[in-house]
Amino acid sequence: MDNSHEKELTSELKDTITYLEEKNGRLTAEKNKAVDEYNTTKSELYRVQKELRRLKTEIERMKSPPLIVGTLRDVLSDDRVVVKSSTGPDFVVSVSEMLPKNELILGSRVSMNKQTLAVMDVLPSPVDPIVSGAEIIEKPDITYEDVGGLRNQMMELREAVEDPLLRPELYKKVGIEPPKGVLLVGPPGTGKTLMAKAVANATRATFIRFVGSELVQKYIGEGARLVRELFELAKEKAPSIIFIDELDSVGAKRLDSTTSGDREVQRTLMQLLSELDGFTPTGNVKIIGATNRPDILDDALLRPGRFDRIIDIGLPDVDGREEIFKIHTSYMSISGHIDIKTLAVMTDGASGAEIRSICTEAGMLAIRDGRDCVTMSDFERAKSKVMEVEKNKVSRPPALMFA
Ligand SMILES: Nc1ncnc2c1ncn2[C@@H]1O[C@H](COP(=O)(O)OP(=O)(O)OP(=O)(O)O)[C@@H](O)[C@H]1O
Ligand SMILES: [Mg+2]
């Protein structure tokens with residue numbers, strides 16, 4: 001009897017324990033859930049508070065009065081300054097305590113309080129988007145290996161442009177001034193722009209590139225201003241190389257009889273001349289110009305001290321043509337053997353651009369025949385086609401063109 005009572009008690013206790021354990025498990029899960037909820041709510045609160053702070057500052061910003069833009073004219077000894085506001089008259093005003101004194105450079109743009117005209121901040125000088133877009137940030141993927149022939153010209157160009165920038169002490173030691181500007185001269189399609197691209201790719205200096213015609217602007221004085229800003233940018237980012245392609249569009253000879261458009265181009269040229277004189281040759285800005293009409297360039301551009309090194313880029317000779325063929329065929333899928341030497345001999349008088357066009361044409365002929373690789377006979381046909389067009393262009397008498 002005693003024994004059975006004990007058993008009953010044990011089983012009852014066991015039941016209670018299981019029940020309590022179960023309850024404990026449930027409660028723990030509930031507690032974990034509550035902790036999770038607490039954490040999410042806390043981060044939500046934090047997010048909302050941050051948003052509130054942001055909106056508050058945004059409202060502050062919206063409520064703050066506009067600042068007036070002016071130009072700094074003079075710094076007086078009692079820490080006040082003379083400014084010219086954009087509305088006209090000059091004012092003597094005080095300067096914000098926060099502004100370091102050394103930033104107050106005469107001529108800089110400043111922002112001023114609307115009521116007191118006190119100078120609040122110095123603004124960066126405005127840069128024309130044409131100018132800021134001229135800096136090459138993404139380097140072109142043309143390397144020295146992509147330029148066929150022109151070995152001497154390439155060497156001269158690098159000597160004149162890269163060495164003075166990267167090893168100025170060499171010139172100091174010898175006691176000469178390095179050339180300031182290099183002019184690449186040669187017939188169309190001979191690789192002038194290509195060479196400049198290769199330099200841009202290889203150099204560690206800032207490369208600034210623009211086309212001469214971009215400087216010819218609609219309004220009087222605009223072109224000259226662009227030239228000035230370009231050189232300012234170059235000086236700011238020195239060591240740098242400025243490349244002016246198609247220089248003849250601004251550098252043509254100045255004539256007496258002119259329209260107002262011509263006079264504007266001449267003003268731009270004069271600004272260019274004075275900028276070329278404006279910095280010391282050992283200074284770390286170099287200029288490369290390129291043109292295929294050196295005959296119409298103004299003499300003043302070519303005098304020593306400006307574009308004082310002229311690199312002649314003629315049509316390629318047999319070896320040059322062979323190299324150019326090699327470069328352009330290296331990307332093509334060729335079937336069988338093609339005799340590049342023969343091709344080079346056949347294409348006497350062709351420019352680099354024509355050789356590239358022969359290669360493209362050969363590829364087109366192969367595609368037309370439904371093949372996916374190019375044969376020697378494609379090249380021969382392409383050559384006669386491209387060279388024939390070129391010959392016709394030259395030999396056609398001008399009178400017939402308009403008959
Ligand atoms: N020496 C060369 N080696 C390899 N490719 C060349 C060479 N010369 C010209 N080419 C090819 O011809 C194309 C045109 O050359 P590029 O733009 O340099 O001519 P350019 O001399 O600047 O002519 P332009 O005076 O008309 O501006 C190049 O993109 C290149 O494919
Ligand atoms: Mg060119």
# chains A, B, ... in the order shown; residues from 1 in each chain; ligands from 1
>>> select_by_dssp(residues="range 229-285 of chain A", states="strand (DSSP E)", output="PDB file with C-alpha atoms, in the first residue's frame")
ATOM      1  CA  SER A 240      50.720  68.289 -67.739  1.00  0.00           C
ATOM      2  CA  ILE A 241      50.652  68.009 -71.510  1.00  0.00           C
ATOM      3  CA  ILE A 242      48.290  70.065 -73.649  1.00  0.00           C
ATOM      4  CA  PHE A 243      47.463  68.559 -77.023  1.00  0.00           C
ATOM      5  CA  ILE A 244      45.860  70.835 -79.626  1.00  0.00           C
ATOM      6  CA  ASP A 245      44.662  68.790 -82.595  1.00  0.00           C
ATOM      7  CA  VAL A 285      53.423  72.329 -68.966  1.00  0.00           C
TER       8      VAL A 285
END
>>> residues_around(residues="range 108-123 of chain A", least_positions_apart="3", cutoff="7 Å", atoms="only C-alpha atoms", output="list in words")
Pro66, Leu67, Ile68, Val69, Gly70, Thr71, Leu72, Val93, Ser94, Val95, Ser96, Leu99 and Ile105 of chain A
>>> residues_near_ligand(ligand="ligand 2", cutoff="12 Å", atoms="only C-alpha atoms and all ligand atoms", output="ChimeraX atom specification")
/A:184-197,209-212,243-248,289-293,313,352-353
>>> write_last_selection(atoms="C-alpha atoms", output="tab-separated table (two decimals), in the first residue's frame")
chain	number	residue	atom	x	y	z
A	184	LEU	CA	53.41	67.31	-85.49
A	185	VAL	CA	53.16	68.04	-89.18
A	186	GLY	CA	52.21	65.67	-91.97
A	187	PRO	CA	49.63	64.64	-94.56
A	188	PRO	CA	46.21	63.39	-93.40
A	189	GLY	CA	46.03	59.91	-91.92
A	190	THR	CA	49.71	59.47	-91.16
A	191	GLY	CA	49.32	58.93	-87.43
A	192	LYS	CA	49.61	62.35	-85.78
A	193	THR	CA	46.57	61.98	-83.57
A	194	LEU	CA	47.55	58.36	-82.99
A	195	MET	CA	50.98	59.38	-81.65
A	196	ALA	CA	49.45	61.90	-79.28
A	197	LYS	CA	47.08	59.21	-78.01
A	209	ARG	CA	43.28	67.43	-75.22
A	210	PHE	CA	41.14	69.62	-77.39
A	211	VAL	CA	40.51	70.35	-81.02
A	212	GLY	CA	41.40	73.78	-82.37
A	243	PHE	CA	47.46	68.56	-77.02
A	244	ILE	CA	45.86	70.83	-79.63
A	245	ASP	CA	44.66	68.79	-82.60
A	246	GLU	CA	43.93	70.47	-85.95
A	247	LEU	CA	45.86	73.55	-84.87
A	248	ASP	CA	45.32	75.21	-88.25
A	289	GLY	CA	50.13	70.65	-81.70
A	290	ALA	CA	49.10	68.69	-84.77
A	291	THR	CA	48.20	69.93	-88.23
A	292	ASN	CA	48.18	68.79	-91.83
A	293	ARG	CA	48.38	72.35	-93.14
A	313	ILE	CA	55.52	62.88	-90.17
A	352	GLY	CA	48.53	54.69	-92.40
A	353	ALA	CA	44.82	55.43	-92.57
>>> select_by_dssp(residues="range 223-254 of chain A", states="alpha helix (DSSP H)", output="list in words")
Gly223, Ala224, Arg225, Leu226, Val227, Arg228, Glu229, Leu230, Phe231, Glu232, Leu233, Ala234, Lys235, Glu236, Asp248, Ser249, Val250 and Gly251 of chain A
>>> closest_residue(among="A:Met387, A:Val174, A:Leu272, A:Val147", to="ligand 1", atoms="only C-alpha atoms and all ligand atoms")
A:Val147
>>> atom_distance(atom1="CA of Gly336 in chain A", atom2="atom 10 (N, counted along the ligand's line) of ligand 1")
25.0 Å
>>> residues_around(residues="Arg263 in chain A", least_positions_apart="4", cutoff="12 Å", atoms="only C-alpha atoms", output="PyMOL selection string")
chain A and resi 216-221+223-224+250+252-259+267-270
>>> residues_around(residues="Asp308 in chain A", least_positions_apart="2", cutoff="9 Å", atoms="only C-alpha atoms", output="MDAnalysis selection string")
chainID A and resid 179:183 301:306 310
>>> write_last_selection(atoms="C-alpha atoms", output="PDB file, in the first residue's frame")
ATOM      1  CA  PRO A 179      61.585  72.902 -76.113  1.00  0.00           C
ATOM      2  CA  LYS A 180      58.259  74.327 -75.042  1.00  0.00           C
ATOM      3  CA  GLY A 181      56.004  73.044 -77.758  1.00  0.00           C
ATOM      4  CA  VAL A 182      56.133  70.328 -80.364  1.00  0.00           C
ATOM      5  CA  LEU A 183      54.291  70.510 -83.644  1.00  0.00           C
ATOM      6  CA  LEU A 301      53.328  80.319 -83.837  1.00  0.00           C
ATOM      7  CA  LEU A 302      56.394  78.681 -85.295  1.00  0.00           C
ATOM      8  CA  ARG A 303      59.062  80.989 -83.982  1.00  0.00           C
ATOM      9  CA  PRO A 304      61.517  79.561 -81.441  1.00  0.00           C
ATOM     10  CA  GLY A 305      60.068  79.668 -77.945  1.00  0.00           C
ATOM     11  CA  ARG A 306      56.626  78.600 -79.079  1.00  0.00           C
ATOM     12  CA  ILE A 310      58.618  70.567 -85.594  1.00  0.00           C
TER      13      ILE A 310
END
>>> atom_distance(atom1="CA of Glu388 in chain A", atom2="CA of Asp348 in chain A")
12.5 Å
>>> closest_residue(among="A:Asn24, A:Asn201, A:Ser85, A:Gln271", to="Glu222 in chain A", atoms="only C-alpha atoms")
A:Gln271
>>> residues_around(residues="Glu159 in chain A", least_positions_apart="6", cutoff="10 Å", atoms="only C-alpha atoms", output="list in words")
Gln153, Leu165, Pro178 and Pro179 of chain A
>>> closest_residue(among="A:Asp90, A:Leu276, A:Arg381, A:Ser351", to="Leu365 in chain A", atoms="only C-alpha atoms")
A:Arg381
>>> closest_residue(among="A:Val35, A:Ile142, A:Leu343, A:Leu150", to="ligand 1", atoms="only C-alpha atoms and all ligand atoms")
A:Leu150
